[in-house]
Amino acid sequence: MSVQSLNAERQVWIYTQMLRIRTFEERVKRTFTDHPGVIRGHTHLADGAEASIVGSLSHFREGDAALATYRCHGYPLTLGSDPKAMMAEVYGRADGLCKGLGGSMHLTDVKRGFLGTSGIVGAGIPHAAGAAWAAQLRKRGDVVFCFFGDGASKQGAFHETLNIASLWKLPAVFVMENNGYNVVTTTAQEDANAAAGEPLSVKAKAYALPGVTVDGTDPLAVYRTVGEAVERARAGRGPTLVESKVYRLSAHGNIIAPPGVPLHYPEHEAIAVFGKREEYEAALRGDPVPRFRGTLILGGVLTSAQADELAARIAGEIEEAVSFALKSPFPKLESALEYNYA
Amino acid sequence: MSVQSLNAERQVWIYTQMLRIRTFEERVKRTFTDHPGVIRGHTHLADGAEASIVGSLSHFREGDAALATYRCHGYPLTLGSDPKAMMAEVYGRADGLCKGLGGSMHLTDVKRGFLGTSGIVGAGIPHAAGAAWAAQLRKRGDVVFCFFGDGASKQGAFHETLNIASLWKLPAVFVMENNGYNVVTTTAQEDANAAAGEPLSVKAKAYALPGVTVDGTDPLAVYRTVGEAVERARAGRGPTLVESKVYRLSAHGNIIAPPGVPLHYPEHEAIAVFGKREEYEAALRGDPVPRFRGTLILGGVLTSAQADELAARIAGEIEEAVSFALKSPFPKLESALEYNYA
Amino acid sequence: MALMPYIAAIDAGIHQEMRRDPKVLYFGQNLATTENHAFLAAYGPERVRVTPISETAEIGIAVGAAMAGLRPVVELYMAEFMLVAMDQVVNEAPRMRYMSGGQVKVPLVLKAGYGFTCGWAGQHTGTLSALFMGVPGLKVAVPATAADAKGLMASAIRDDNPVVFLHHYLLTLEQGEVPDGEYLVPFGKADVRRAGADVTIVATGWMVPRALGAAQQLAKEGIDAEVIDPRTVAPLDLDTILKSVDKTGRVVLVDQATRHASVSSVIAAELAEHGFRALRAPIIQVTAADTTIPYSEPLEAYVLPDEARIVAGVRTVLK
Amino acid sequence: MALMPYIAAIDAGIHQEMRRDPKVLYFGQNLATTENHAFLAAYGPERVRVTPISETAEIGIAVGAAMAGLRPVVELYMAEFMLVAMDQVVNEAPRMRYMSGGQVKVPLVLKAGYGFTCGWAGQHTGTLSALFMGVPGLKVAVPATAADAKGLMASAIRDDNPVVFLHHYLLTLEQGEVPDGEYLVPFGKADVRRAGADVTIVATGWMVPRALGAAQQLAKEGIDAEVIDPRTVAPLDLDTILKSVDKTGRVVLVDQATRHASVSSVIAAELAEHGFRALRAPIIQVTAADTTIPYSEPLEAYVLPDEARIVAGVRTVLK
Ligand SMILES: Cc1ncc(C[n+]2csc(CCOP(=O)(O)OP(=O)(O)O)c2C)c(N)n1
Ligand SMILES: Cc1ncc(C[n+]2csc(CCOP(=O)(O)OP(=O)(O)O)c2C)c(N)n1
Ligand SMILES: [Mg+2]
Ligand SMILES: [Mg+2]
């Protein structure tokens with residue numbers, strides 16, 4: 001689909017997915033208070049990155065694939081995964097997307113092209129390149145979307161993979177969601193380009209690749225930028241590195257604690273650690289979800305009543321997912337021993 | 001020492017070291033035919049890279065350190081290591097630089113600032129950065145020279161280390177000896193910048209570092225380029241990536257074979273594998289050692305008789321190293337169990 | 001003596017050594033990003049630094065800094081993150097001294113948590129000690145108490161060799177009495193955590209409290225179990241274990257790892273050679289089930305060794 | 001049947017599967033850089049590619065390609081080179097299926113040589129099988145003959161799981177009879193390389209010929225040794241070993257690895273539990289000395305297990 005053809009319906013679709021992600025993530029977060037103990041381990045939310053995720057995946061078509069990190073709720077939701085199965089997975093239940101074996105960090109929905117995630121920073125980047133090799137061999141113009149964080153670009157896996165992807169002209173789009181932080185480290189504290197005031201897309205030069213930076217809070221800008229990269233990849237002209245600038249609106253993840261300590265989401269690190277409340281509040285003012293709602297309403301694409309109705313419908317959908325997940329039984333104990341081997 | 005002060009004596013010193021390296025390497029190679037079985041495993045020669053090695057290390061001063069790869073004979077020789085102990089090490093003898101425990105790939109001479117080598121591609125690059133941190137803390141303007149191949153720049157270790165070195169302004173000079181090959185793979189076959197016709201020093205952009213390319217067969221050019229990088233590092237202004245373009249005049253290493261098969265050096269891959277004899281012959285015509293000899297003689301720095309005399313003296317020195325090494329006993333068996341722990 | 005959590009005791013060990021020796025560095029990801037950080041405030045940015053997510057460079061830098069005379073402590077958080085840099089851990093740090101014929105030493109500490117089995121699922125929960133224990137030149141500490149955490153960390157920093165210091169994540173907040181002032185626990189000295197005459201139980205890390213719990217249960221039935229915590233698995237204090245087996249003739253080895261990747265296998269093998277004459281029953285290993293760790297809570301509990309399984313193991317060897 | 005070197009037999013196994021299944025890929029460093037390369041010529045650049053020195057990406061790409069339906073074989077040359085990518089080997093490839101609840105499978109082969117103890121010194125000579133054998137989801141093949149090399153490689157490629165295929169470098173040119181045409185050797189089936197009644201010797205890789213040599217020496221003294229080659233260490237065919245021990249009551253385990261990083265420890269531990277009643281003597285392990293491998297020839301020989309030490313081990317268990 002070219003940028004021109006982004007009709008009203010499609011714009012509403014984008015907004016709908018953004019809102020579904022936001023609602024899902026807020027509901028996940030509320031689980032920590034509403035149903036303590038139901039979510040375990042480490043959960044990472046995508047709130048703030050919705051425009052980037054949906055703007056990118058609006059180019060996804062049958063045969064394409066997407067891979068991501070532990071911060072993975074947004075992608076399958078956009079690709080059509082059932083939020084009931086997703087929530088059940090986050091709650092560790094038998095009806096979970098991954099039968100309760102993977103949890104929040106490892107959502108996978110192969111039927112919808114969401115091939116998997118790795119919880120190890122950077123490790124999923126070569127996986128995406130491998131899937132792109134498979135796509136290249138199929139010769140149907142399929143593309144692989146590879147999502148990862150700014151921090152991941154400091155792993156060797158990023159470097160090694162982009163070089164090969166460029167050499168082999170793999171049909172992949174590398175979307176770096178630069179949310180300004182790796183946990184409690186700012187990008188400028190850990191990245192030499194950032195420290196020098198340069199965009200992270202400069203790194204593409206080390207691989208003779210196009211590198212572009214886009215405002216990841218604007219779904220239409222992401223749509224256009226990623227769209228060009230996708231076209232390039234489908235045409236066999238190789239991969240692109242897209243730096244998509246977002247701001248995560250929650251902390252990195254829930255607190256890290258041994259069993260027995262109730263988990264919760266702390267305040268965002270900008271406030272809790274750096275005391276930069278203004279930074280966080282500026283991000284909140286630029287919150288992509290209400291902003292895009294405003295754009296659509298101002299543009300006459302959506303009425304405010306329609307938007308409210310949509311929000312209510314989505315709230316219901318996600319509420320249903322929670323009820324479903326809470327009712328879903330735990331997996332049978334022996335199922336813990338299945339699936340190690342095919 | 002600034003570029004201006006490169007007086008005749010110093011130029012002759014550079015040539016002398018270059019010739020010592022060449023003579024040492026040719027003598028090592030001859031061991032395979034003259035004394036079959038004496039050298040084991042895998043030996044990698046530096047012939048062709050002499051100008052780059054000596055031009056770089058002519059800036060080495062007390063307190064500095066150098067680290068390199070398995071292709072490591074040239075550096076300690078330049079830094080003043082005893083060729084007798086070096087040859088004894090290559091022959092696995094008790095009087096070896098590393099007591100016969102390391103062999104050709106792992107020459108180390110801490111007293112002369114040659115801290116060590118890794119046989120794992122890329123692995124030594126962070127070691128050099130670590131030594132540079134130590135140098136930084138000493139606050140005496142000490143610098144660390146880090147030598148590695150073009151192929152090594154495809155390892156994650158290269159990427160991760162250069163980013164940190166840049167961020168921390170470590171006093172290191174990263175000298176990439178680009179000899180056009182990783183074993184039997186040409187640089188353009190494995191490097192996206194090279195495939196795009198770009199110099200490999202472009203990679204420095206991904207780390208907001210200066211990246212320069214120099215003709216590594218010209219010792220004076222290397223002297224100047226590395227000199228600037230060293231000055232920058234000593235002044236606390238951080239590291240530089242120097243791509244030094246050389247051509248290795250021998251094959252990657254001796255053949256790889258199990259015990260019982262006599263080892264030998266095959267022809268250079270350009271000829272043996274790619275059938276590009278012209279490429280190799282062009283490199284031979286540009287051979288840095290006779291070329292610099294010519295430069296010095298033409299420049300009146302050295303007479304041809306003096307040069308011959310020097311060659312004879314060096315031949316004698318290296319011959320002596322061989323005799324010494326051949327006479328040196330094997331290490332005591334139990335010494336194999338020492339040195340695992342300090 | 002002061003009561004403090006395991007995690008605070010580790011910090012105390014690092015402080016003890018950093019105060020004492022200006023050559024000790026401490027660095028890693030997500031630490032010291034503000035001036036309030038305790039170590040940064042105390043020792044300054046020359047010695048305390050945040051790193052990017054670059055384990056290969058982090059550990060490689062530690063190797064180089066150690067070769068150049070410093071004593072780096074690398075904060076790695078989770079043992080699995082060492083896997084991306086495994087070459088530096090097992091094929092660089094412990095080899096450089098040897099290959100140089102003893103010219104260099106490589107004193108460094110790789111501090112990493114492990115065994116975080118509380119919903120961290122498949123990639124963050126491993127018990128990896130056995131991956132490191134057999135590498136010549138490398139030492140491996142696995143403290144199970146706050147006191148050992150402090151004392152072994154301090155000894156690790158003072159050791160002239162590379163040390164993998166594995167703290168158990170599930171013990172993070174466990175309180176324990178920790179000696180004040182300079183405190184060192186030697187490497188290679190097992191601790192007999194409970195003396196007993198009928199059976200020897202060997203366990204490390206989070207399995208130690210499980211083993212002690214099992215011993216308590218067994219005591220009620222009149223079974224007197226000895227519980228040994230090796231504290232370091234490289235070097236491994238076989239003498240203490242052999243002495244115990246000489247007395248009891250029966251052994252249960254407990255390990256949170258999967259069976260074929262366990263320290264318990266290595267101990268069993270040593271006992272099968274050197275303790276064979278004393279053995280009066282098969283050596284039972286109580287390990288995790290042979291599976292990646294599942295996310296869901298009951299499944300996770302199902303695959304891990306627990307008190308009941310240790311008790312059952314003891315019953316088997318007493319049959 | 002055709003007589004061919006071990007290395008050619010591995011190639012034959014790859015060819016067999018590449019001809020049969022267009023989904024099989026073969027790639028790695030320094031292969032297929034000219035059109036004359038046998039695999040490139042036969043299967044073309046879509047399926048056969050040279051890679052940069054980027055093991056993390058190479059293995060990671062294999063994982064992704066496998067998840068997307070292909071069957072990659074990665075040429076890694078030396079087992080140590082997997083260490084820079086260890087996360088992909090032990091924490092990605094074998095976990096993806098499990099964590100997805102069985103949605104994906106990850107059929108791939110990591111082909112790597114090991115044990116190159118002929119002057120390759122400290123960093124290129126390791127026997128790393130034990131590092132991989134305990135990881136759930138991962139299989140590990142260690143062929144000792146040309147026929148097994150072909151048959152296990154073919155089975156590895158057909159297997160729907162990640163397989164680490166470790167060929168022993170010192171066997172590279174060893175000739176062996178190899179069945180023509182389609183040939184598969186099943187995983188998890190040990191081979192009794194010599195039947196015997198008095199003692200069981202278990203060995204893999206280059207240690208198999210050493211063990212057979214020792215058995216021959218012992219035969220002259222009237223000692224009848226059974227020599228078992230497990231051929232794959234994950235899955236490990238314990239039944240065959242246990243059956244043998246039932247008969248002989250005495251075991252010597254031979255491993256080129258250092259003792260605490262050995263497959264032999266794992267086998268010993270299994271026997272100490274499941275074969276205990278049959279054992280009439282301590283389980284002796286004959287392994288490498290606890291050291292990084294030295295460069296110098298006599299020192300290298302000194303630290304490695306050899307026939308004499310195997311014979312000595314057998315004498316000990318027969319005492
Ligand atoms: C190799 C590795 N090192 C460290 C971690 C711990 N860790 C998990 S998420 C994370 C931050 C990643 O930051 P970024 O890539 O920017 O992604 P974000 O979480 O901001 O989306 C870190 C350090 C890990 N999972 N893997
Ligand atoms: C991680 C790793 N992968 C592969 C190898 C095998 N290997 C040894 S040298 C070499 C080529 C290195 O090429 P380059 O860096 O250009 O250095 P050069 O040998 O040309 O000086 C390779 C692939 C290795 N030693 N380590
Ligand atoms: Mg981030
Ligand atoms: Mg090269």
# chains A, B, ... in the order shown; residues from 1 in each chain; ligands from 1
>>> residues_around(residues="Arg309 in chain C", least_positions_apart="6", cutoff="10 Å", atoms="only C-alpha atoms", output="ChimeraX atom specification")
/C:210-211,214,254,285-287,315
>>> residues_near_ligand(ligand="ligand 4", cutoff="12 Å", atoms="only C-alpha atoms and all ligand atoms", output="MDAnalysis selection string")
(chainID B and resid 44:46 48:49 69:71 121:122 147:154 176:188 190:191 200 243:253 269) or (chainID D and resid 52:53)
>>> interface_residues(of="chain D", to="chain C", cutoff="8 Å", atoms="only C-alpha atoms", output="VMD selection string")
chain D and resid 80 to 81 83 to 88 91 to 92 95 98 to 99 121 to 123 130 to 131 133 to 137 258 to 262 265 to 270 272 to 277 281 to 285 290 to 292 294
>>> residues_around(residues="Leu318 in chain D", least_positions_apart="5", cutoff="12 Å", atoms="only C-alpha atoms", output="PyMOL selection string")
chain D and resi 198-200+218+223-225+248-252+279-284+311-313
>>> write_last_selection(atoms="N, CA, C and O atoms", output="mmCIF file, in the first residue's frame")
data_model
loop_
_atom_site.group_PDB
_atom_site.id
_atom_site.type_symbol
_atom_site.label_atom_id
_atom_site.label_comp_id
_atom_site.auth_asym_id
_atom_site.auth_seq_id
_atom_site.Cartn_x
_atom_site.Cartn_y
_atom_site.Cartn_z
ATOM 1 N N ASP D 198 35.152 -58.073 30.632
ATOM 2 C CA ASP D 198 35.815 -57.778 31.909
ATOM 3 C C ASP D 198 35.676 -56.337 32.387
ATOM 4 O O ASP D 198 35.702 -56.072 33.586
ATOM 5 N N VAL D 199 35.599 -55.426 31.456
ATOM 6 C CA VAL D 199 35.584 -54.011 31.828
ATOM 7 C C VAL D 199 34.922 -53.217 30.701
ATOM 8 O O VAL D 199 35.037 -53.588 29.527
ATOM 9 N N THR D 200 34.239 -52.157 31.077
ATOM 10 C CA THR D 200 33.597 -51.293 30.083
ATOM 11 C C THR D 200 34.410 -50.015 29.935
ATOM 12 O O THR D 200 34.689 -49.342 30.933
ATOM 13 N N LEU D 218 45.362 -54.717 26.231
ATOM 14 C CA LEU D 218 44.862 -55.462 27.385
ATOM 15 C C LEU D 218 44.519 -56.897 26.988
ATOM 16 O O LEU D 218 44.700 -57.830 27.777
ATOM 17 N N ILE D 223 42.841 -59.594 29.239
ATOM 18 C CA ILE D 223 41.761 -58.744 29.767
ATOM 19 C C ILE D 223 40.861 -58.345 28.601
ATOM 20 O O ILE D 223 41.328 -57.793 27.598
ATOM 21 N N ASP D 224 39.596 -58.631 28.766
ATOM 22 C CA ASP D 224 38.652 -58.482 27.664
ATOM 23 C C ASP D 224 37.792 -57.223 27.882
ATOM 24 O O ASP D 224 36.827 -57.248 28.645
ATOM 25 N N ALA D 225 38.169 -56.143 27.198
ATOM 26 C CA ALA D 225 37.484 -54.865 27.416
ATOM 27 C C ALA D 225 36.385 -54.638 26.386
ATOM 28 O O ALA D 225 36.549 -54.928 25.202
ATOM 29 N N THR D 248 30.025 -56.280 33.119
ATOM 30 C CA THR D 248 31.431 -56.191 33.509
ATOM 31 C C THR D 248 31.637 -55.745 34.965
ATOM 32 O O THR D 248 32.642 -56.099 35.582
ATOM 33 N N GLY D 249 30.753 -54.907 35.457
ATOM 34 C CA GLY D 249 30.899 -54.410 36.823
ATOM 35 C C GLY D 249 32.026 -53.403 37.000
ATOM 36 O O GLY D 249 32.263 -52.929 38.113
ATOM 37 N N ARG D 250 32.701 -53.077 35.918
ATOM 38 C CA ARG D 250 33.866 -52.196 36.032
ATOM 39 C C ARG D 250 33.883 -51.225 34.851
ATOM 40 O O ARG D 250 33.621 -51.620 33.721
ATOM 41 N N VAL D 251 34.202 -49.980 35.156
ATOM 42 C CA VAL D 251 34.122 -48.953 34.106
ATOM 43 C C VAL D 251 35.313 -48.010 34.119
ATOM 44 O O VAL D 251 35.703 -47.532 35.180
ATOM 45 N N VAL D 252 35.787 -47.714 32.936
ATOM 46 C CA VAL D 252 36.744 -46.627 32.752
ATOM 47 C C VAL D 252 36.144 -45.671 31.722
ATOM 48 O O VAL D 252 35.764 -46.091 30.625
ATOM 49 N N LEU D 279 28.209 -52.146 40.042
ATOM 50 C CA LEU D 279 29.618 -51.731 40.094
ATOM 51 C C LEU D 279 30.413 -52.537 41.119
ATOM 52 O O LEU D 279 30.038 -52.633 42.278
ATOM 53 N N ARG D 280 31.558 -53.054 40.661
ATOM 54 C CA ARG D 280 32.401 -53.772 41.599
ATOM 55 C C ARG D 280 33.714 -53.030 41.891
ATOM 56 O O ARG D 280 34.570 -53.556 42.610
ATOM 57 N N ALA D 281 33.837 -51.860 41.328
ATOM 58 C CA ALA D 281 35.057 -51.068 41.545
ATOM 59 C C ALA D 281 34.733 -49.595 41.323
ATOM 60 O O ALA D 281 33.717 -49.277 40.703
ATOM 61 N N PRO D 282 35.578 -48.724 41.818
ATOM 62 C CA PRO D 282 35.351 -47.292 41.567
ATOM 63 C C PRO D 282 35.278 -47.022 40.063
ATOM 64 O O PRO D 282 35.875 -47.734 39.265
ATOM 65 N N ILE D 283 34.553 -45.992 39.696
ATOM 66 C CA ILE D 283 34.504 -45.556 38.295
ATOM 67 C C ILE D 283 35.707 -44.661 38.048
ATOM 68 O O ILE D 283 35.835 -43.604 38.663
ATOM 69 N N ILE D 284 36.563 -45.106 37.157
ATOM 70 C CA ILE D 284 37.765 -44.324 36.890
ATOM 71 C C ILE D 284 37.540 -43.434 35.663
ATOM 72 O O ILE D 284 37.043 -43.896 34.637
ATOM 73 N N VAL D 311 44.988 -47.882 29.802
ATOM 74 C CA VAL D 311 45.382 -49.207 30.295
ATOM 75 C C VAL D 311 45.554 -49.161 31.810
ATOM 76 O O VAL D 311 45.059 -50.038 32.540
ATOM 77 N N ALA D 312 46.202 -48.109 32.284
ATOM 78 C CA ALA D 312 46.403 -47.976 33.729
ATOM 79 C C ALA D 312 45.061 -47.868 34.455
ATOM 80 O O ALA D 312 44.869 -48.452 35.532
ATOM 81 N N GLY D 313 44.140 -47.140 33.867
ATOM 82 C CA GLY D 313 42.807 -47.004 34.453
ATOM 83 C C GLY D 313 42.124 -48.364 34.560
ATOM 84 O O GLY D 313 41.517 -48.697 35.591
#
>>> closest_residue(among="D:Met67, D:Cys118, D:Val245, D:Ile59", to="Val104 in chain D", atoms="only C-alpha atoms")
D:Met67
>>> atom_distance(atom1="CA of Glu17 in chain D", atom2="CA of Leu108 in chain D")
12.5 Å
>>> residues_around(residues="range 283-297 of chain A", least_positions_apart="5", cutoff="6 Å", atoms="only C-alpha atoms", output="JSON, numbers by chain")
{"A": [217, 302, 303]}
>>> closest_residue(among="D:Gly69, D:Gly44, D:Pro22, D:Gly113", to="ligand 2", atoms="only C-alpha atoms and all ligand atoms")
D:Gly113
>>> atom_distance(atom1="CA of Asn193 in chain B", atom2="CA of Ser118 in chain B")
25.6 Å
>>> closest_residue(among="A:Leu79, A:Met18, A:Leu209, A:Ala94", to="chain C", atoms="only C-alpha atoms")
A:Ala94
>>> residues_around(residues="Leu19 in chain A", least_positions_apart="4", cutoff="8 Å", atoms="only C-alpha atoms", output="MDAnalysis selection string")
chainID A and resid 15 23 50 289 311 314
>>> write_last_selection(atoms="N, CA and C atoms", output="PDB file, in the first residue's frame")
ATOM      1  N   TYR A  15      -5.403   4.178  14.229  1.00  0.00           N
ATOM      2  CA  TYR A  15      -5.744   4.708  15.552  1.00  0.00           C
ATOM      3  C   TYR A  15      -6.323   3.606  16.445  1.00  0.00           C
ATOM      4  N   THR A  23      -4.602   0.421  25.604  1.00  0.00           N
ATOM      5  CA  THR A  23      -5.564  -0.117  26.567  1.00  0.00           C
ATOM      6  C   THR A  23      -5.069  -1.449  27.138  1.00  0.00           C
ATOM      7  N   GLU A  50       3.184   3.262  20.538  1.00  0.00           N
ATOM      8  CA  GLU A  50       2.087   2.747  19.708  1.00  0.00           C
ATOM      9  C   GLU A  50       2.145   3.243  18.268  1.00  0.00           C
ATOM     10  N   VAL A 289      -1.102   8.777  21.434  1.00  0.00           N
ATOM     11  CA  VAL A 289      -2.467   8.252  21.279  1.00  0.00           C
ATOM     12  C   VAL A 289      -3.497   9.386  21.288  1.00  0.00           C
ATOM     13  N   ALA A 311     -13.217   3.792  21.907  1.00  0.00           N
ATOM     14  CA  ALA A 311     -12.503   3.585  23.170  1.00  0.00           C
ATOM     15  C   ALA A 311     -13.288   2.645  24.065  1.00  0.00           C
ATOM     16  N   ILE A 314     -13.063  -0.909  22.753  1.00  0.00           N
ATOM     17  CA  ILE A 314     -11.746  -1.498  23.013  1.00  0.00           C
ATOM     18  C   ILE A 314     -11.595  -1.822  24.502  1.00  0.00           C
TER      19      ILE A 314
END
>>> closest_atom_pairs(of="chain A", to="chain D", cutoff="9 Å", atoms="only C-alpha atoms", output="JSON lines")
{"residue": "A:Ala65", "atom": "CA", "partner": "D:Ala68", "partner_atom": "CA", "distance": 8.7}
{"residue": "A:Gly96", "atom": "CA", "partner": "D:Gly101", "partner_atom": "CA", "distance": 8.9}
{"residue": "A:Leu97", "atom": "CA", "partner": "D:Gly101", "partner_atom": "CA", "distance": 7.6}
{"residue": "A:Cys98", "atom": "CA", "partner": "D:Gly101", "partner_atom": "CA", "distance": 4.2}
{"residue": "A:Lys99", "atom": "CA", "partner": "D:Gly101", "partner_atom": "CA", "distance": 5.3}
{"residue": "A:Gly100", "atom": "CA", "partner": "D:Gly101", "partner_atom": "CA", "distance": 7.4}
{"residue": "A:Leu101", "atom": "CA", "partner": "D:Met99", "partner_atom": "CA", "distance": 5.4}
{"residue": "A:Gly102", "atom": "CA", "partner": "D:Met99", "partner_atom": "CA", "distance": 4.2}
{"residue": "A:Gly103", "atom": "CA", "partner": "D:Met99", "partner_atom": "CA", "distance": 8.0}
{"residue": "A:His106", "atom": "CA", "partner": "D:Met99", "partner_atom": "CA", "distance": 6.4}
{"residue": "A:Leu107", "atom": "CA", "partner": "D:Ser100", "partner_atom": "CA", "distance": 6.9}
{"residue": "A:Thr108", "atom": "CA", "partner": "D:Ser100", "partner_atom": "CA", "distance": 5.6}
{"residue": "A:Asp109", "atom": "CA", "partner": "D:Gln103", "partner_atom": "CA", "distance": 7.6}
{"residue": "A:Val110", "atom": "CA", "partner": "D:Gln103", "partner_atom": "CA", "distance": 6.5}
{"residue": "A:Lys111", "atom": "CA", "partner": "D:Gln103", "partner_atom": "CA", "distance": 8.8}
{"residue": "A:Leu115", "atom": "CA", "partner": "D:Met67", "partner_atom": "CA", "distance": 7.2}
{"residue": "A:Gly116", "atom": "CA", "partner": "D:Ser100", "partner_atom": "CA", "distance": 7.2}
{"residue": "A:Thr117", "atom": "CA", "partner": "D:Met96", "partner_atom": "CA", "distance": 8.2}
{"residue": "A:Ser118", "atom": "CA", "partner": "D:Glu92", "partner_atom": "CA", "distance": 7.3}
{"residue": "A:Ile120", "atom": "CA", "partner": "D:Asp87", "partner_atom": "CA", "distance": 8.3}
{"residue": "A:Ala123", "atom": "CA", "partner": "D:Gly60", "partner_atom": "CA", "distance": 7.1}
{"residue": "A:Gly124", "atom": "CA", "partner": "D:Gly60", "partner_atom": "CA", "distance": 7.5}
{"residue": "A:Ile125", "atom": "CA", "partner": "D:Gly60", "partner_atom": "CA", "distance": 7.8}
{"residue": "A:Pro126", "atom": "CA", "partner": "D:Gly60", "partner_atom": "CA", "distance": 4.7}
{"residue": "A:His127", "atom": "CA", "partner": "D:Gly64", "partner_atom": "CA", "distance": 3.7}
{"residue": "A:Ala128", "atom": "CA", "partner": "D:Gly64", "partner_atom": "CA", "distance": 5.8}
{"residue": "A:Ala129", "atom": "CA", "partner": "D:Ile61", "partner_atom": "CA", "distance": 5.7}
{"residue": "A:Gly130", "atom": "CA", "partner": "D:Ile61", "partner_atom": "CA", "distance": 3.9}
{"residue": "A:Ala131", "atom": "CA", "partner": "D:Ala65", "partner_atom": "CA", "distance": 4.6}
{"residue": "A:Ala132", "atom": "CA", "partner": "D:Ala65", "partner_atom": "CA", "distance": 7.5}
{"residue": "A:Trp133", "atom": "CA", "partner": "D:Ala65", "partner_atom": "CA", "distance": 6.5}
{"residue": "A:Ala134", "atom": "CA", "partner": "D:Ala65", "partner_atom": "CA", "distance": 5.7}
{"residue": "A:Ala135", "atom": "CA", "partner": "D:Ala68", "partner_atom": "CA", "distance": 8.2}
{"residue": "A:Gln136", "atom": "CA", "partner": "D:Glu46", "partner_atom": "CA", "distance": 8.7}
{"residue": "A:Leu137", "atom": "CA", "partner": "D:Glu46", "partner_atom": "CA", "distance": 6.8}
{"residue": "A:Gly156", "atom": "CA", "partner": "D:Thr56", "partner_atom": "CA", "distance": 7.8}
{"residue": "A:Ala157", "atom": "CA", "partner": "D:Ala57", "partner_atom": "CA", "distance": 5.9}
{"residue": "A:Phe158", "atom": "CA", "partner": "D:Ala57", "partner_atom": "CA", "distance": 8.2}
{"residue": "A:His159", "atom": "CA", "partner": "D:Ala57", "partner_atom": "CA", "distance": 8.6}
{"residue": "A:Glu160", "atom": "CA", "partner": "D:Ala57", "partner_atom": "CA", "distance": 5.5}
{"residue": "A:Thr161", "atom": "CA", "partner": "D:Ala57", "partner_atom": "CA", "distance": 5.2}
{"residue": "A:Leu162", "atom": "CA", "partner": "D:Ala57", "partner_atom": "CA", "distance": 8.9}
{"residue": "A:Asn163", "atom": "CA", "partner": "D:Pro52", "partner_atom": "CA", "distance": 8.5}
{"residue": "A:Ile164", "atom": "CA", "partner": "D:Pro52", "partner_atom": "CA", "distance": 7.4}
{"residue": "A:Glu338", "atom": "CA", "partner": "D:Tyr98", "partner_atom": "CA", "distance": 7.7}
{"residue": "A:Tyr339", "atom": "CA", "partner": "D:Tyr98", "partner_atom": "CA", "distance": 4.9}
{"residue": "A:Asn340", "atom": "CA", "partner": "D:Gly137", "partner_atom": "CA", "distance": 4.8}
{"residue": "A:Tyr341", "atom": "CA", "partner": "D:Gly137", "partner_atom": "CA", "distance": 5.3}
{"residue": "A:Ala342", "atom": "CA", "partner": "D:Asp160", "partner_atom": "CA", "distance": 5.7}
>>> select_by_dssp(residues="range 27-229 of chain B", states="helix (DSSP H, G or I)", output="PyMOL selection string")
chain B and resi 27-34+50-57+74-79+83-90+104-106+110-112+124-138+151-154+156-167+187-190+192-195+200-207+219-229
>>> atom_distance(atom1="CA of Val208 in chain D", atom2="CA of Leu337 in chain B")
25.2 Å
>>> residues_around(residues="Ile7 in chain C", least_positions_apart="6", cutoff="8 Å", atoms="only C-alpha atoms", output="PyMOL selection string")
chain C and resi 146+149+172-173
>>> write_last_selection(atoms="C-alpha atoms", output="compact mmCIF listing (two decimals), in the first residue's frame")
# COMPACT_ATOMS: atom_id res chain seq x y z
CA ALA C 146 24.92 -13.17 53.48
CA ALA C 149 28.39 -13.36 50.03
CA THR C 172 18.60 -11.44 47.31
CA LEU C 173 16.61 -10.32 50.32
>>> residues_around(residues="range 228-237 of chain B", least_positions_apart="6", cutoff="9 Å", atoms="only C-alpha atoms", output="list in words")
Ser2, Val3, His59, Phe60, Gln136, Arg140, Gly141, Asp142, Val143, Val144, Phe145, Lys169, Leu170, Pro171, Ala172, Val173 and Pro210 of chain B
